[in-house]
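These notes are about the structure you will find just below.
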Amino acid sequence: MDVYEPGSNTELSSFANETGAEELINSVEIGDPSSLWQLYSKDVQFPDKKVLDPFMGGGTSIVEASRFGATSHGNDLNPVAWFVTKQEIEAAKTDVTELDEAYEQVKSSVHGAVDAFYKTPCPHADADSDSTPHPIQGTDFDAGELEAEDHGHYADVMYNFWVKELDCVSCDESVSLFKDYRVASGRYDESDKYNVYCPGCESVVLVDDWRADCTCNRCHHEWCPANGNVSGSDYACPDCGARYSITDAISEQGGFELKQYAVEYYCTVCDDRGEQRETYKGYKSTGTADEKLADVAATAWEAADDLEAYVPDRSIPEGAITRESELNGNDVFNHGYTEWRDMFNSRQLLCLGHLLRAIESIEDQAIRELLLLAFSDSLMFQSTFTIYNLSANKIEGTFRMNSFVPQMEIVENNVWGTRAGRGTFSNTYDKLRSGVAYAHAPTERYINEDGETVESEPFAQPIGQHTSISQGDMRSLDIENEYDAVITDPPYYDNIVYSEVANYFYVWQQLLLEDTYDCFRGR
């Protein structure tokens, strides 16, 4: 074992010379290993050790073994796990500047069009200012009824809020499947209040207590926001009171409708003017321009035959977490989902298709695959299975419960992203870029004697050296007594069915990888 001061690979640190790192490790008691923290901020290297992880998953043990200078091999049966780890251990081979250039190429190709589908009239625009055409009018898409839509200026959509609707089986009225009428907690000076949806006038208003009876300050409708139309697996018609099974109604009515009811916006115009944060970031009810824009997206997707190759066309396989089973009380098929694309709305399919096609155009294979990884990671927040965290005021991903959980209320994320938000392609790229930079020059963060979090100087060895991986059944590995350590996070068996979760990402990754890797072919 060698111990270096971070930032140096020519001489051993004073720690190793004066204290004796091996002597320290040999003296550590299993019941009290705290003395090992003295090594945490050092560049510890095990160049003569070999490590195997036969179930590497996302590659944590392989990346860490590489960080410690060991020779390592990882294996996984799942192609998605293999692809993720492949990008991690090869990231240091990619120049960050070239990666940025490729990202800008993708941005110049699709950002304007994709971004135009996530614009909404700013509620604080000056009514007396010159009207601005809707941004969709500056694209190649048919603006439809938005052709004549003008407004003072437009804000970025962070999230569109949707609710499923079914017809009442008794009176045929449309019923919005709200469990309750909360939109989000209040922010800033109004953090003690709640943004709620008024079913009387369809406005988003602030109330003191969403659990108590309220009166809308716009239409004077009286209701209790805590009492929605859904209870358990049934819904109730607010007009006639009839109750019925949600999944039975979906089956009998051939699916469900979606209704947009609210928007969370971020206005860069107001932000750049120096307005207060409660002005440039907030919630509002859906307006006619928002509804028309959704229609434009739906029409554009129906006509986008050239994007069919960039959106999965496969059926969702029946499994332990897609079909109701002893492991899972949800059944996506009973909720009307049969193909993977059913999990996305038209605007998401349109924008994701454009984005994936732009990524495919990148010539450098390594960089193209890294951008595909960013795209794939953002899919966690780009389906109709996402929800809004009402306490933290942020989106939560599709697999927050490691399963497929159909939602009655849906949050549609901005695909490319704006200055705030979570899980968009732009901020996922930022994470990817940081990861590539780390692979070139790994560091550690630690708390010093003053209680401050500090970052070490870069360690000597980039991630990925002396590292190999394979995809397949670990029983086929040709190994015998050649590894010093086998380090793995064992499979969770039926506790978390990662293989089925991975299918969600696999069908998108396959679109660009099936001609390159056998494990992405013909499944």
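Identifiers for the structure tokens are assigned positionally: chains receive A, B, ... in sequence, residues are indexed from 1 per chain, and ligands are indexed from 1 in the order shown.
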
Tell me which protein, DNA and RNA residues are within 7 Å of range 88-93 of chain A, counting only C-alpha atoms, leaving out same-chain ones fewer than 5 positions away, and put them as a PDB file with all heavy atoms, in the first residue's frame.
ATOM      1  N   VAL A  63     -15.520   1.804  -9.563  1.00  0.00           N
ATOM      2  CA  VAL A  63     -14.969   3.167  -9.605  1.00  0.00           C
ATOM      3  C   VAL A  63     -14.071   3.409  -8.399  1.00  0.00           C
ATOM      4  O   VAL A  63     -12.977   3.978  -8.513  1.00  0.00           O
ATOM      5  CB  VAL A  63     -16.105   4.204  -9.668  1.00  0.00           C
ATOM      6  CG1 VAL A  63     -15.559   5.620  -9.453  1.00  0.00           C
ATOM      7  CG2 VAL A  63     -16.837   4.123 -11.001  1.00  0.00           C
ATOM      8  N   VAL A 436     -17.399  13.614 -15.519  1.00  0.00           N
ATOM      9  CA  VAL A 436     -16.259  13.458 -16.427  1.00  0.00           C
ATOM     10  C   VAL A 436     -15.040  14.198 -15.878  1.00  0.00           C
ATOM     11  O   VAL A 436     -13.914  13.684 -15.914  1.00  0.00           O
ATOM     12  CB  VAL A 436     -16.626  13.962 -17.847  1.00  0.00           C
ATOM     13  CG1 VAL A 436     -15.396  13.969 -18.748  1.00  0.00           C
ATOM     14  CG2 VAL A 436     -17.729  13.090 -18.449  1.00  0.00           C
ATOM     15  N   ALA A 439     -13.591  12.170 -13.149  1.00  0.00           N
ATOM     16  CA  ALA A 439     -12.865  11.004 -13.649  1.00  0.00           C
ATOM     17  C   ALA A 439     -11.436  11.372 -14.048  1.00  0.00           C
ATOM     18  O   ALA A 439     -10.505  10.577 -13.877  1.00  0.00           O
ATOM     19  CB  ALA A 439     -13.606  10.394 -14.834  1.00  0.00           C
ATOM     20  N   HIS A 440     -11.258  12.570 -14.566  1.00  0.00           N
ATOM     21  CA  HIS A 440      -9.918  13.039 -14.933  1.00  0.00           C
ATOM     22  C   HIS A 440      -9.060  13.310 -13.702  1.00  0.00           C
ATOM     23  O   HIS A 440      -7.851  13.025 -13.702  1.00  0.00           O
ATOM     24  CB  HIS A 440     -10.017  14.327 -15.760  1.00  0.00           C
ATOM     25  CG  HIS A 440     -10.341  14.105 -17.198  1.00  0.00           C
ATOM     26  ND1 HIS A 440      -9.385  13.843 -18.143  1.00  0.00           N
ATOM     27  CD2 HIS A 440     -11.530  14.097 -17.856  1.00  0.00           C
ATOM     28  CE1 HIS A 440      -9.950  13.682 -19.327  1.00  0.00           C
ATOM     29  NE2 HIS A 440     -11.261  13.831 -19.178  1.00  0.00           N
ATOM     30  N   PRO A 462      -6.303   8.908 -12.675  1.00  0.00           N
ATOM     31  CA  PRO A 462      -7.674   9.101 -13.147  1.00  0.00           C
ATOM     32  C   PRO A 462      -8.479   7.814 -13.009  1.00  0.00           C
ATOM     33  O   PRO A 462      -7.919   6.724 -12.877  1.00  0.00           O
ATOM     34  CB  PRO A 462      -7.496   9.489 -14.618  1.00  0.00           C
ATOM     35  CG  PRO A 462      -6.176   8.893 -15.003  1.00  0.00           C
ATOM     36  CD  PRO A 462      -5.327   8.970 -13.774  1.00  0.00           C
ATOM     37  N   ILE A 463      -9.800   7.955 -13.056  1.00  0.00           N
ATOM     38  CA  ILE A 463     -10.681   6.797 -12.962  1.00  0.00           C
ATOM     39  C   ILE A 463     -10.589   5.959 -14.241  1.00  0.00           C
ATOM     40  O   ILE A 463     -10.559   6.494 -15.340  1.00  0.00           O
ATOM     41  CB  ILE A 463     -12.137   7.241 -12.729  1.00  0.00           C
ATOM     42  CG1 ILE A 463     -12.255   8.019 -11.411  1.00  0.00           C
ATOM     43  CG2 ILE A 463     -13.093   6.040 -12.744  1.00  0.00           C
ATOM     44  CD1 ILE A 463     -11.881   7.234 -10.178  1.00  0.00           C
ATOM     45  N   GLY A 464     -10.550   4.645 -14.076  1.00  0.00           N
ATOM     46  CA  GLY A 464     -10.616   3.751 -15.232  1.00  0.00           C
ATOM     47  C   GLY A 464      -9.349   3.013 -15.576  1.00  0.00           C
ATOM     48  O   GLY A 464      -9.392   2.067 -16.362  1.00  0.00           O
TER      49      GLY A 464
END

Worksheet item: Where in range 239-413 of chain A does DSSP assign alpha helix (DSSP H), given as a ChimeraX atom specification?
Response: /A:246-253,268-272,277-280,288-302,346-360,365-378

Discussion item. Using DSSP assignments from the backbone, pull out every residue in range 31-135 of chain A that falls under strand (DSSP E or B) and give it to me as a list in words.
Written reply: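 So the strand (DSSP E or B) residues in range 31-135 of chain A would be Asp32, Asp43, Val44, Gln45, Lys50, Val51, Leu52, Asp53, Thr71, Ser72, His73, Gly74, Asn75, Asp76, Lys119, Thr120, Pro121, Thr132 and Pro133 of chain A.
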
I need the residues from that last selection saved to file as a CSV table (one decimal), in the first residue's frame (with N, CA and C atoms), if you can.
chain,number,residue,atom,x,y,z
A,32,ASP,N,-13.7,-0.6,16.7
A,32,ASP,CA,-13.5,0.8,16.7
A,32,ASP,C,-12.5,1.2,15.6
A,43,ASP,N,-4.2,10.2,-0.6
A,43,ASP,CA,-4.3,9.4,-1.9
A,43,ASP,C,-3.7,8.0,-1.6
A,44,VAL,N,-4.6,7.1,-1.2
A,44,VAL,CA,-4.2,5.8,-0.8
A,44,VAL,C,-4.2,4.9,-2.1
A,45,GLN,N,-3.1,4.2,-2.4
A,45,GLN,CA,-3.1,3.4,-3.6
A,45,GLN,C,-2.7,1.9,-3.2
A,50,LYS,N,-6.0,-7.0,-6.6
A,50,LYS,CA,-7.0,-7.2,-7.7
A,50,LYS,C,-8.4,-7.4,-7.0
A,51,VAL,N,-9.4,-6.7,-7.6
A,51,VAL,CA,-10.7,-6.6,-7.0
A,51,VAL,C,-11.7,-7.1,-8.1
A,52,LEU,N,-12.7,-7.9,-7.6
A,52,LEU,CA,-13.8,-8.3,-8.5
A,52,LEU,C,-15.1,-7.9,-7.9
A,53,ASP,N,-16.0,-7.4,-8.8
A,53,ASP,CA,-17.4,-7.2,-8.4
A,53,ASP,C,-18.2,-7.9,-9.5
A,71,THR,N,-6.2,-3.1,-9.6
A,71,THR,CA,-6.7,-3.7,-10.8
A,71,THR,C,-8.1,-4.3,-10.5
A,72,SER,N,-9.1,-4.0,-11.3
A,72,SER,CA,-10.4,-4.4,-11.0
A,72,SER,C,-11.2,-4.9,-12.2
A,73,HIS,N,-12.1,-5.8,-12.0
A,73,HIS,CA,-13.0,-6.2,-13.0
A,73,HIS,C,-14.4,-6.3,-12.5
A,74,GLY,N,-15.4,-5.7,-13.3
A,74,GLY,CA,-16.8,-5.8,-12.9
A,74,GLY,C,-17.6,-6.5,-13.9
A,75,ASN,N,-18.7,-7.1,-13.5
A,75,ASN,CA,-19.6,-7.8,-14.4
A,75,ASN,C,-21.0,-7.6,-13.9
A,76,ASP,N,-21.9,-7.5,-14.9
A,76,ASP,CA,-23.3,-7.5,-14.6
A,76,ASP,C,-24.1,-8.1,-15.8
A,119,LYS,N,-43.2,27.4,-22.8
A,119,LYS,CA,-43.3,28.8,-22.5
A,119,LYS,C,-44.8,29.1,-22.1
A,120,THR,N,-44.9,30.0,-21.2
A,120,THR,CA,-46.3,30.4,-20.7
A,120,THR,C,-46.3,31.9,-20.5
A,121,PRO,N,-47.4,32.6,-20.8
A,121,PRO,CA,-47.5,34.0,-20.6
A,121,PRO,C,-47.2,34.4,-19.1
A,132,THR,N,-45.7,40.5,-27.5
A,132,THR,CA,-44.6,39.6,-28.1
A,132,THR,C,-45.3,38.3,-28.6
A,133,PRO,N,-45.0,37.9,-29.8
A,133,PRO,CA,-45.6,36.7,-30.4
A,133,PRO,C,-45.2,35.5,-29.5

What's around Phe404 in chain A at 8 Å? Count only C-alpha atoms, leave out sequence neighbours fewer than 4 positions away in its own chain, and write the answer as a PDB file with N, CA and C atoms, in the first residue's frame.
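Written output follows (around_30.pdb):
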ATOM      1  N   ILE A 321     -43.395  -6.164 -11.197  1.00  0.00           N
ATOM      2  CA  ILE A 321     -43.772  -4.806 -10.787  1.00  0.00           C
ATOM      3  C   ILE A 321     -44.550  -4.049 -11.858  1.00  0.00           C
ATOM      4  N   THR A 322     -44.844  -4.712 -12.966  1.00  0.00           N
ATOM      5  CA  THR A 322     -45.731  -4.098 -13.959  1.00  0.00           C
ATOM      6  C   THR A 322     -47.128  -4.702 -13.879  1.00  0.00           C
ATOM      7  N   ASN A 330     -49.701  -2.482  -7.681  1.00  0.00           N
ATOM      8  CA  ASN A 330     -50.061  -1.687  -8.855  1.00  0.00           C
ATOM      9  C   ASN A 330     -50.018  -2.559 -10.111  1.00  0.00           C
ATOM     10  N   VAL A 332     -49.904  -1.708 -14.159  1.00  0.00           N
ATOM     11  CA  VAL A 332     -49.916  -0.658 -15.168  1.00  0.00           C
ATOM     12  C   VAL A 332     -50.902  -0.964 -16.287  1.00  0.00           C
ATOM     13  N   PHE A 385     -45.376   9.253 -14.808  1.00  0.00           N
ATOM     14  CA  PHE A 385     -45.389   8.563 -13.524  1.00  0.00           C
ATOM     15  C   PHE A 385     -44.692   9.386 -12.442  1.00  0.00           C
ATOM     16  N   THR A 398     -39.712   8.972 -11.443  1.00  0.00           N
ATOM     17  CA  THR A 398     -40.575   7.838 -11.743  1.00  0.00           C
ATOM     18  C   THR A 398     -40.379   6.690 -10.764  1.00  0.00           C
ATOM     19  N   PHE A 399     -39.133   6.434 -10.354  1.00  0.00           N
ATOM     20  CA  PHE A 399     -38.853   5.258  -9.537  1.00  0.00           C
ATOM     21  C   PHE A 399     -38.493   5.611  -8.099  1.00  0.00           C
ATOM     22  N   VAL A 501     -37.034  -2.376 -13.549  1.00  0.00           N
ATOM     23  CA  VAL A 501     -36.839  -0.929 -13.546  1.00  0.00           C
ATOM     24  C   VAL A 501     -35.934  -0.531 -14.709  1.00  0.00           C
TER      25      VAL A 501
END

Practice prompt. Would you mind listing what lies within 10 Å of Ile367 in chain A as JSON, numbers by chain, with only C-alpha atoms counted and same-chain residues fewer than 3 positions away left out?
Written response: {"A": [87, 91, 93, 94, 95, 96, 98, 99, 100, 101, 102, 103, 359, 362, 363, 364, 370, 371, 372, 373]}

Discussion item. Just checking: using only C-alpha atoms, which residue out of A:Ala81, A:Val183, A:Val204, A:Val486 ends up closest to Tyr388 in chain A?
Written reply: A:Val183

Contacts between range 262-277 of chain A and range 119-227 of chain A, please, where a residue of range 119-227 of chain A counts if it comes within 7 Å (with only C-alpha atoms); show its shortest atom pair and distance in Å to one decimal, rows by chain and ascending number, as a tab-separated table.
residue	atom	partner	partner_atom	distance
A:Cys122	CA	A:Cys267	CA	6.7
A:Ala155	CA	A:Cys267	CA	4.1
A:Asp156	CA	A:Tyr266	CA	5.2
A:Val157	CA	A:Tyr265	CA	4.6
A:Met158	CA	A:Tyr265	CA	5.2
A:Tyr159	CA	A:Glu264	CA	5.2
A:Asn160	CA	A:Val263	CA	4.8
A:Phe161	CA	A:Ala262	CA	5.0

Fill in: Residues near Gly319 in chain A, cut-off 10 Å, only C-alpha atoms, skip fewer than 6 positions along chain, as a VMD selection string
chain A and resid 325 328 331 497 499 to 500

Keeping only all heavy atoms, take the residues you just selected and write them out as a compact mmCIF listing (two decimals), in the first residue's frame.
# COMPACT_ATOMS: atom_id res chain seq x y z
N SER A 325 -48.91 -8.24 -8.36
CA SER A 325 -48.35 -9.48 -7.85
C SER A 325 -48.19 -9.35 -6.35
O SER A 325 -48.54 -8.34 -5.74
CB SER A 325 -46.98 -9.75 -8.50
OG SER A 325 -46.02 -8.80 -8.05
N ASN A 328 -46.20 -6.31 -5.61
CA ASN A 328 -46.61 -5.00 -6.12
C ASN A 328 -48.14 -4.95 -6.23
O ASN A 328 -48.76 -5.81 -6.82
CB ASN A 328 -45.98 -4.79 -7.51
CG ASN A 328 -46.45 -3.51 -8.17
OD1 ASN A 328 -46.41 -2.46 -7.55
ND2 ASN A 328 -46.88 -3.61 -9.41
N ASP A 331 -50.85 -2.23 -11.06
CA ASP A 331 -50.88 -2.95 -12.32
C ASP A 331 -51.01 -1.93 -13.43
O ASP A 331 -52.07 -1.33 -13.62
CB ASP A 331 -52.07 -3.92 -12.33
CG ASP A 331 -52.02 -4.90 -13.50
OD1 ASP A 331 -51.75 -4.44 -14.63
OD2 ASP A 331 -52.25 -6.10 -13.29
N VAL A 497 -36.81 -5.08 -7.80
CA VAL A 497 -36.64 -5.80 -9.07
C VAL A 497 -35.97 -4.86 -10.06
O VAL A 497 -36.61 -4.27 -10.93
CB VAL A 497 -37.98 -6.33 -9.58
CG1 VAL A 497 -37.78 -7.27 -10.77
CG2 VAL A 497 -38.73 -7.06 -8.48
N SER A 499 -34.07 -5.34 -12.57
CA SER A 499 -34.09 -5.68 -13.99
C SER A 499 -35.31 -5.09 -14.67
O SER A 499 -35.23 -4.64 -15.83
CB SER A 499 -34.07 -7.21 -14.17
OG SER A 499 -35.20 -7.80 -13.57
N GLU A 500 -36.45 -5.06 -13.98
CA GLU A 500 -37.66 -4.48 -14.58
C GLU A 500 -37.61 -2.96 -14.59
O GLU A 500 -38.09 -2.33 -15.53
CB GLU A 500 -38.90 -4.98 -13.85
CG GLU A 500 -39.17 -6.46 -14.07
CD GLU A 500 -40.51 -6.89 -13.51
OE1 GLU A 500 -41.44 -6.06 -13.47
OE2 GLU A 500 -40.63 -8.06 -13.10

Worksheet item: Closest to Cys216 in chain A among A:Cys198, A:Asn229, A:Gln260, A:Asp172, using only C-alpha atoms?
Response: A:Cys198
